[in-house]
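See structure below.
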Amino acid sequence: MNILKTYRPLMIPRDSSISKITRSGIRSMEKRVLIPRREIQIKVKDLARQISSDYAGKEPILIGILNGVVFFFAELVMSLSIPSKIDFIRASSYGSNKASSGTIKLLKDVEIPVKGQDVIVVEDIVDTGLTLNYLVKNLKSREPASVKICALIDKTERREREVAIDYCGFKVQEGFLVGYGLDYAEQYRYLPDICVIE
């Protein structure tokens with residue numbers, strides 16, 4: 001029986017570097033770079049190596065949770081050394097502000113049948129845990145062979161549901177994060193670094 005090892009995340013210290021996020025037509029906000037692009041790239045390759053090792057001889061289905069996961073998902077899949085299938089699911093629990101609405105809505109379902117398959121759910125950030133908990137239960141109800149979770153960021157500040165993350169990139173205690181797919185009211189996804197807005 002193949003037992004997956006949990007990847008030990010790196011605790012990121014607070015960065016005192018302050019700059020501005022600017023783009024035409026969008027209000028400027030203070031931000032500080034928390035995780036630079038280069039560190040993200042290194043971590044994604046580490047996660048891909050771990051997954052490739054654990055799933056050697058298999059062809060897992062990687063399911064990305066839209067929208068924030070797109071950059072992380074693409075880099076992760078292309079860094080794998082094993083074949084894989086990909087699909088996407090979309091759910092929402094956030095409104096137009098910094099707080100979760102607490103209500104989960106499934107906006108797009110997966111299209112590939114997962115029954116009897118090894119599934120890896122790929123998430124950009126685990127915050128309250130509500131969305132991921134809901135989606136994992138939903139997928140498990142379809143009788144896959146296994147379901148594991150890969151998350152770039154585990155942010156524990158507002159955790160409401162415990163989630164077992166099998167592959168974790170970075171552990172962050174607090175702060176509202178943007179960049180590398182993460183957004184504030186659909187803004188700032190395009191930033192190459194992961195930043196904290198203040």
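Going through the structure tokens in order, the chains are called A, B, and so on, while each chain numbers its residues from 1 and the ligands are numbered from 1 in the order shown.
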request  = Do a neighbour search on Lys108 of chain A at 12 Å with only C-alpha atoms, toss out local chain neighbours closer than 2 positions, and write the hits as a list of chain:residue names.
outcome  = A:Ile63, A:Gly64, A:Ile65, A:Leu66, A:Asn67, A:Asp87, A:Phe88, A:Ile89, A:Arg90, A:Ala91, A:Ser92, A:Lys105, A:Leu106, A:Val110, A:Glu111, A:Leu135
Store the residues picked out above in a file with all heavy atoms, as a tab-separated table (two decimals), in the first residue's frame.
```tsv
chain	number	residue	atom	x	y	z
A	63	ILE	N	-7.38	18.01	-9.90
A	63	ILE	CA	-8.56	18.86	-10.01
A	63	ILE	C	-8.25	20.20	-9.37
A	63	ILE	O	-8.05	20.30	-8.16
A	63	ILE	CB	-9.78	18.21	-9.34
A	63	ILE	CG1	-10.11	16.88	-10.04
A	63	ILE	CG2	-10.98	19.16	-9.38
A	63	ILE	CD1	-11.25	16.11	-9.39
A	64	GLY	N	-8.17	21.24	-10.19
A	64	GLY	CA	-7.89	22.58	-9.70
A	64	GLY	C	-9.16	23.30	-9.31
A	64	GLY	O	-10.18	23.20	-10.00
A	65	ILE	N	-9.10	24.04	-8.21
A	65	ILE	CA	-10.25	24.81	-7.74
A	65	ILE	C	-10.10	26.24	-8.28
A	65	ILE	O	-9.23	27.00	-7.87
A	65	ILE	CB	-10.33	24.81	-6.20
A	65	ILE	CG1	-10.43	23.37	-5.69
A	65	ILE	CG2	-11.53	25.64	-5.74
A	65	ILE	CD1	-10.45	23.26	-4.17
A	66	LEU	N	-10.97	26.57	-9.22
A	66	LEU	CA	-10.94	27.89	-9.86
A	66	LEU	C	-11.47	28.97	-8.92
A	66	LEU	O	-12.25	28.69	-8.02
A	66	LEU	CB	-11.81	27.86	-11.13
A	66	LEU	CG	-11.31	26.90	-12.24
A	66	LEU	CD1	-12.37	26.79	-13.33
A	66	LEU	CD2	-9.99	27.36	-12.81
A	67	ASN	N	-11.05	30.27	-9.13
A	67	ASN	CA	-10.20	30.77	-10.19
A	67	ASN	C	-8.75	30.91	-9.75
A	67	ASN	O	-7.84	30.95	-10.57
A	67	ASN	CB	-10.67	32.15	-10.65
A	67	ASN	CG	-11.93	32.12	-11.49
A	67	ASN	OD1	-12.31	31.10	-12.06
A	67	ASN	ND2	-12.62	33.25	-11.56
A	87	ASP	N	-8.63	18.47	-14.56
A	87	ASP	CA	-10.01	18.96	-14.61
A	87	ASP	C	-10.10	20.11	-13.62
A	87	ASP	O	-9.17	20.37	-12.85
A	87	ASP	CB	-11.00	17.85	-14.25
A	87	ASP	CG	-12.39	18.08	-14.85
A	87	ASP	OD1	-12.70	19.25	-15.21
A	87	ASP	OD2	-13.15	17.12	-14.95
A	88	PHE	N	-11.23	20.79	-13.64
A	88	PHE	CA	-11.43	21.93	-12.76
A	88	PHE	C	-12.80	21.89	-12.12
A	88	PHE	O	-13.75	21.34	-12.67
A	88	PHE	CB	-11.28	23.25	-13.54
A	88	PHE	CG	-9.89	23.48	-14.06
A	88	PHE	CD1	-9.56	23.10	-15.36
A	88	PHE	CD2	-8.91	24.05	-13.26
A	88	PHE	CE1	-8.28	23.30	-15.85
A	88	PHE	CE2	-7.63	24.25	-13.74
A	88	PHE	CZ	-7.31	23.87	-15.04
A	89	ILE	N	-12.86	22.46	-10.94
A	89	ILE	CA	-14.12	22.64	-10.23
A	89	ILE	C	-14.11	24.06	-9.69
A	89	ILE	O	-13.05	24.62	-9.43
A	89	ILE	CB	-14.24	21.58	-9.10
A	89	ILE	CG1	-15.67	21.50	-8.59
A	89	ILE	CG2	-13.26	21.86	-7.95
A	89	ILE	CD1	-15.92	20.25	-7.72
A	90	ARG	N	-15.28	24.63	-9.59
A	90	ARG	CA	-15.33	26.01	-9.09
A	90	ARG	C	-16.41	26.14	-8.03
A	90	ARG	O	-17.55	25.74	-8.24
A	90	ARG	CB	-15.59	27.00	-10.23
A	90	ARG	CG	-15.52	28.44	-9.77
A	90	ARG	CD	-15.72	29.40	-10.92
A	90	ARG	NE	-15.59	30.78	-10.48
A	90	ARG	CZ	-15.90	31.84	-11.21
A	90	ARG	NH1	-16.38	31.67	-12.44
A	90	ARG	NH2	-15.75	33.05	-10.73
A	91	ALA	N	-16.01	26.69	-6.91
A	91	ALA	CA	-16.95	26.96	-5.82
A	91	ALA	C	-16.59	28.31	-5.24
A	91	ALA	O	-15.47	28.79	-5.39
A	91	ALA	CB	-16.87	25.88	-4.75
A	92	SER	N	-17.53	28.93	-4.58
A	92	SER	CA	-17.28	30.25	-4.04
A	92	SER	C	-17.86	30.39	-2.64
A	92	SER	O	-18.96	29.94	-2.37
A	92	SER	CB	-17.90	31.32	-4.95
A	92	SER	OG	-17.71	32.60	-4.41
A	105	LYS	N	-21.13	27.80	-2.78
A	105	LYS	CA	-21.90	27.60	-4.01
A	105	LYS	C	-21.02	26.87	-5.01
A	105	LYS	O	-19.90	27.29	-5.30
A	105	LYS	CB	-22.32	28.95	-4.60
A	105	LYS	CG	-23.29	29.73	-3.74
A	105	LYS	CD	-23.65	31.05	-4.40
A	105	LYS	CE	-24.59	31.87	-3.53
A	105	LYS	NZ	-24.92	33.17	-4.16
A	106	LEU	N	-21.52	25.76	-5.54
A	106	LEU	CA	-20.80	25.03	-6.58
A	106	LEU	C	-21.17	25.65	-7.92
A	106	LEU	O	-22.31	25.60	-8.36
A	106	LEU	CB	-21.17	23.55	-6.57
A	106	LEU	CG	-20.39	22.65	-7.51
A	106	LEU	CD1	-18.91	22.66	-7.18
A	106	LEU	CD2	-20.93	21.21	-7.45
A	110	VAL	N	-16.69	19.00	-11.98
A	110	VAL	CA	-15.71	18.28	-12.79
A	110	VAL	C	-16.43	17.53	-13.91
A	110	VAL	O	-17.61	17.18	-13.79
A	110	VAL	CB	-14.89	17.29	-11.94
A	110	VAL	CG1	-14.01	18.02	-10.95
A	110	VAL	CG2	-15.79	16.31	-11.22
A	111	GLU	N	-15.70	17.28	-15.00
A	111	GLU	CA	-16.28	16.59	-16.14
A	111	GLU	C	-15.73	15.17	-16.30
A	111	GLU	O	-16.38	14.31	-16.88
A	111	GLU	CB	-16.01	17.40	-17.42
A	111	GLU	CG	-16.68	18.78	-17.36
A	111	GLU	CD	-16.33	19.64	-18.55
A	111	GLU	OE1	-15.97	19.09	-19.62
A	111	GLU	OE2	-16.41	20.88	-18.42
A	135	LEU	N	-15.89	20.57	-0.93
A	135	LEU	CA	-15.54	19.96	-2.21
A	135	LEU	C	-14.97	18.56	-2.04
A	135	LEU	O	-15.27	17.67	-2.84
A	135	LEU	CB	-14.55	20.85	-2.96
A	135	LEU	CG	-15.12	22.17	-3.48
A	135	LEU	CD1	-14.02	23.01	-4.13
A	135	LEU	CD2	-16.26	21.94	-4.47
```
Write out as JSON lines the residues of segment 108-172 of chain A that have any atom within 9 Å of an atom of segment 28-44 of chain A, one row each with the nearest atom pair and its distance in Å to one decimal, counting only C-alpha atoms, sorted by chain and then rising number.
```
{"residue": "A:Leu152", "atom": "CA", "partner": "A:Val44", "partner_atom": "CA", "distance": 7.8}
{"residue": "A:Gly169", "atom": "CA", "partner": "A:Lys43", "partner_atom": "CA", "distance": 6.0}
{"residue": "A:Phe170", "atom": "CA", "partner": "A:Lys43", "partner_atom": "CA", "distance": 8.3}
```
8 Å contact set for segment 73-75 of chain A, only C-alpha atoms, chain neighbours under 3 positions out, as an mmCIF file with N, CA and C atoms, in the first residue's frame:
```
data_model
loop_
_atom_site.group_PDB
_atom_site.id
_atom_site.type_symbol
_atom_site.label_atom_id
_atom_site.label_comp_id
_atom_site.auth_asym_id
_atom_site.auth_seq_id
_atom_site.Cartn_x
_atom_site.Cartn_y
_atom_site.Cartn_z
ATOM 1 N N VAL A 44 7.046 25.060 -5.881
ATOM 2 C CA VAL A 44 6.183 24.295 -6.795
ATOM 3 C C VAL A 44 6.928 23.087 -7.343
ATOM 4 N N GLY A 64 -8.173 21.238 -10.192
ATOM 5 C CA GLY A 64 -7.893 22.581 -9.704
ATOM 6 C C GLY A 64 -9.162 23.305 -9.312
ATOM 7 N N VAL A 69 -6.436 29.235 -8.485
ATOM 8 C CA VAL A 69 -5.413 28.200 -8.601
ATOM 9 C C VAL A 69 -4.711 28.172 -9.959
ATOM 10 N N VAL A 70 -5.169 28.944 -10.932
ATOM 11 C CA VAL A 70 -4.726 28.740 -12.323
ATOM 12 C C VAL A 70 -3.206 28.785 -12.508
ATOM 13 N N MET A 78 2.868 21.043 -15.131
ATOM 14 C CA MET A 78 3.984 21.002 -16.082
ATOM 15 C C MET A 78 5.298 20.568 -15.431
ATOM 16 N N SER A 79 5.366 20.622 -14.105
ATOM 17 C CA SER A 79 6.586 20.211 -13.395
ATOM 18 C C SER A 79 6.561 18.741 -12.995
ATOM 19 N N VAL A 122 -6.258 20.395 -6.052
ATOM 20 C CA VAL A 122 -5.227 21.428 -6.001
ATOM 21 C C VAL A 122 -5.867 22.776 -5.693
#
```
message = Show me, as a VMD selection string, the residues that have an atom within 8 Å of Val126 of chain A when counting only C-alpha atoms, minus same-chain residues fewer than 2 positions from it.
response = chain A and resid 123 to 124 128 to 129 132 151 153 to 156
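Distances to Ile112 of chain A were evaluated for A:Gly181, A:Gly175, A:Gly57, A:Pro144 using only C-alpha atoms, and the minimum falls at A:Pro144.
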query = Which residue out of A:Asp54, A:Glu143, A:Ile125, A:Ile61 has the minimum interatomic distance to Gly179 of chain A when only C-alpha atoms are used?
reply = A:Ile125
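Considering the residues A:Cys168, A:Ile197, A:Arg159, A:Ser53 and counting only C-alpha atoms, Leu182 of chain A has its shortest atom-to-atom contact with A:Ile197.
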inquiry  = Among segment 15-174 of chain A, which residues does DSSP mark as helix (DSSP H, G or I) when it is run on the backbone? Keep the chain and numbering as in the structure and answer as a PyMOL selection string.
reply    = chain A and resi 37-54+70-79+130-140
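Nearest residue to Glu198 of chain A, choosing from A:Ala185, A:Ile104, A:Val178, A:Val147 and counting only C-alpha atoms: A:Val178.
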ask   = So how many Å separate atom CA of Tyr180 of chain A and atom CA of Leu62 of chain A, to one decimal?
value = 18.9 Å
task = Would you please give, as a PyMOL selection string, all residues of chain A that DSSP assigns to strand (DSSP E) based on the backbone?
result = chain A and resi 10-11+19-23+26-35+61-66+85-94+100-108+118-126+146-155+167-172+176-178+194-197
